[in-house]
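Notes follow the structure.
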Number of protein chains: 2
Amino acid sequence: MPAKRLPTLEDVAARAGVSRATASRVVNADPRVGRLAREAVQEAIVELGYRPNRNARSLVRPEVDSIAVVVPEAEETVFSDPFFAALLAAITQSLADSPVQVLLAMGQPGDSQKIERYLRGGYTDGAIVVSHHKDDHIWQVLTATKLPAVYVGRPYAGDVGIPYVDVDNRAGGALAAQQLVSTGRRRIGTITGAMDMAASEDRLAGWREQLHSAGLDAGLVEHGDFSAASGAVAIRRLLKREPQLDGVFVASDLMAVAAVHELQAAGRKVPEEIAVVGFDNSQAAELTRPPLTTVVNPVTALAGTAVKLLLRLLEEQPVESRVILETKLVRRASA
Amino acid sequence: MPAKRLPTLEDVAARAGVSRATASRVVNADPRVGRLAREAVQEAIVELGYRPNRNARSLVRPEVDSIAVVVPEAEETVFSDPFFAALLAAITQSLADSPVQVLLAMGQPGDSQKIERYLRGGYTDGAIVVSHHKDDHIWQVLTATKLPAVYVGRPYAGDVGIPYVDVDNRAGGALAAQQLVSTGRRRIGTITGAMDMAASEDRLAGWREQLHSAGLDAGLVEHGDFSAASGAVAIRRLLKREPQLDGVFVASDLMAVAAVHELQAAGRKVPEEIAVVGFDNSQAAELTRPPLTTVVNPVTALAGTAVKLLLRLLEEQPVESRVILETKLVRRASA
DNA sequence: CTGAAAGCGCTTACAG
DNA sequence: CTGAAAGCGCTTACAG
């Protein structure tokens, strides 16, 4: 007799004096079980503290158990950037009423091996990949293993045969630039996100496009990496390069808030002397002083669409290969 | 032939011209497999895009697969209160090098049924329960199903036979009060957390104790629920009740930051006219103006201890029934 | 080094 | 309404 063994359905059946089949039917709320049998089984379940073995069930009833949200970023990043928090909350919420588990797989962006091993390992039935960098090999793994997957954010490599949802980042960057231009700013810079990500490229492209068509210099570009610290550093560099800087588009609110703090610390008035436009429309944008003018990142729609696509993929139904969501500018005090 | 079937080990074996046993050994990196066989199997795996079926493996090799972090709070709360974010990050990190999955189970605090069903459902091998309210029946479920579990934070019902880790909340409340008293404040209030949680009780008790022993009125108590909004409401009530209020201990930084904003909006200078002490030592405490004096909630140690205890429980080793972590005050500008 | 066979805990036609 | 039996995909003594 082993030291400790969890009670199985067999134990429950024995105790209730019925067959495993009947016990199983009770557990699964199958209506065609007699009252006496049902009650006996229910009692046995309580007495034994029976919990079904999920693995055994899944083996024989192949349903969707879990989907992984893959974020090739460090844990600190994931939990400190409100964009991820909001996206994760939204994904979790879209699946709240289904029995599908949401697993979170994170890992250093440089080293996606752990994630790749995870994806290959059969731990999950599908994946939503959220923050995708140029150098990771995630899509190759997804393709090789045929794991149903959806990207949030255009894959850097372009169309790789995996459907994706994205916000129109290019239009967003353009909106931001337009706001700065149309309010009379002339020395306009931008702080980009990590340049190994498609979103950063697109936002920059939109910004650049607008400056060009306004006949302004589109050279005042500094690269951040979406972290608060990088925003502070970048704005300092920008000021150094162009002391007359009077407007800046920062590719995320997290960086933008840091940049505003930095500007204020340097004695520059926002928005009087320099206007700042962020991206994301996160809570922080609203709470910081002055409140941030920013481009909306429709997190809930992004999450909902990704989940919907993945669920369809898992049911082997056809899905759009890409969905691009519109964005808009929210005008507040900073620009 | 079914429309679509994932390749199994059997398929791999057939393709490689070996037995399932050998194929299995290659997948599990068993050294005693000949080079030719190994290579043939590896090739087959790649060609077929084989992913092992985790359920089948777990069935036969009963290892710890996943642990659930149970937070009986709404998704929004979990993702907006930095305390949870920090705790989740820390728990995830402690398990980063192990193959153990971290599942996140959330749900409305009033309605813990969904969580209870989840816990009974056999979805996970163990649980860390993080934010526990008086009315939920989680511990009863854990006890009934013998699911290995650890609480972060003293269970409201007291010693229920489930080990827990907690910070010394009572001492923390006392430290906060002491700081206010010792800097000459005399009309000192407090904003509590949700009163159906042990942490709120303990922090309040510590605060009360100190005021009593300083011979001050300990009646200026307003109840919040740990949300930012509740902090704002509570400080207004406090001011209404006692316009001379010159010090307040707020039971979380999230509420404290909101209270400070509210005070500033009402034209009160912090700390000159009114001192504020928070709890948690979250990032926000550092970033808000003025920076918050606050009591440290040692999140990393809390998480690390909880994981350690749970892992031991899962290995059926004996564990302490409770671990209480010390706390300290971090002095900044707000008090 | 390799394979045939048993078995993990469950569900589900099938037969009654 | 109920049970005997097959089978899900894998691992692992056991025997060779």
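Residue numbering restarts at 1 for every chain of the structure tokens, chains are lettered A, B, ... in their displayed order, and ligands are numbered from 1 as they appear.
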### Query
Got a sec to pull out which chain C residues are within 9 Å of chain A, counting only C-alpha atoms (C1' of nucleotides), and send them as a PyMOL selection string?
chain C and resi 8-12
Only residues of chain B matter here; which ones have an atom within 8 Å of chain A, counting only C-alpha atoms? Give them as an mmCIF file with C-alpha atoms, in the first residue's frame.
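What follows is the written file part03.cif:
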data_model
loop_
_atom_site.group_PDB
_atom_site.id
_atom_site.type_symbol
_atom_site.label_atom_id
_atom_site.label_comp_id
_atom_site.auth_asym_id
_atom_site.auth_seq_id
_atom_site.Cartn_x
_atom_site.Cartn_y
_atom_site.Cartn_z
ATOM 1 C CA VAL B 46 10.739 17.304 -36.898
ATOM 2 C CA LEU B 48 5.839 15.263 -38.258
ATOM 3 C CA GLY B 49 5.845 18.345 -36.038
ATOM 4 C CA TYR B 50 5.372 16.058 -33.091
ATOM 5 C CA ARG B 51 4.440 17.568 -29.727
ATOM 6 C CA PRO B 52 4.136 15.188 -26.778
ATOM 7 C CA ASN B 53 0.738 14.857 -25.188
ATOM 8 C CA ARG B 54 1.243 16.274 -21.744
ATOM 9 C CA ASN B 55 -1.857 14.712 -20.354
ATOM 10 C CA ALA B 56 -0.783 11.234 -21.275
ATOM 11 C CA SER B 58 1.308 13.246 -16.579
ATOM 12 C CA LEU B 59 -1.050 10.351 -16.213
ATOM 13 C CA GLU B 75 -9.706 40.755 -12.774
ATOM 14 C CA GLU B 76 -9.527 44.536 -12.780
ATOM 15 C CA PHE B 79 -4.286 43.754 -12.505
ATOM 16 C CA SER B 80 -4.627 47.254 -11.136
ATOM 17 C CA ALA B 85 1.190 42.349 -9.708
ATOM 18 C CA ALA B 86 4.305 42.287 -7.572
ATOM 19 C CA ALA B 89 5.668 38.397 -10.570
ATOM 20 C CA THR B 92 6.267 33.321 -11.219
ATOM 21 C CA GLN B 93 9.912 34.113 -10.771
ATOM 22 C CA GLN B 101 3.022 25.970 -14.535
ATOM 23 C CA VAL B 102 1.509 28.873 -12.697
ATOM 24 C CA LEU B 103 -2.211 29.194 -13.264
ATOM 25 C CA LEU B 104 -4.083 32.262 -12.236
ATOM 26 C CA ARG B 120 -12.607 20.827 -6.860
ATOM 27 C CA GLY B 121 -12.235 20.187 -10.566
ATOM 28 C CA GLY B 122 -8.785 18.691 -10.375
ATOM 29 C CA TYR B 123 -7.289 21.320 -12.642
ATOM 30 C CA ALA B 144 -12.373 18.715 1.868
ATOM 31 C CA THR B 145 -10.436 17.878 -1.266
ATOM 32 C CA LYS B 146 -7.093 17.692 0.545
#
### Message
Give me the residues near C:DT2 as number ranges by chain, where near means some atom within 10 Å (using only C-alpha atoms (C1' of nucleotides)) and where sequence neighbours in that chain fewer than 3 positions away do not count.
### Response
B: 18-19, 21-22, 32-34, 37; D: 16
### Message
Please list as a PyMOL selection string every residue within 12 Å of C:DC14, counting only C-alpha atoms (C1' of nucleotides) and excluding residues in the same chain fewer than 3 positions away.
### Response
chain D and resi 3-6
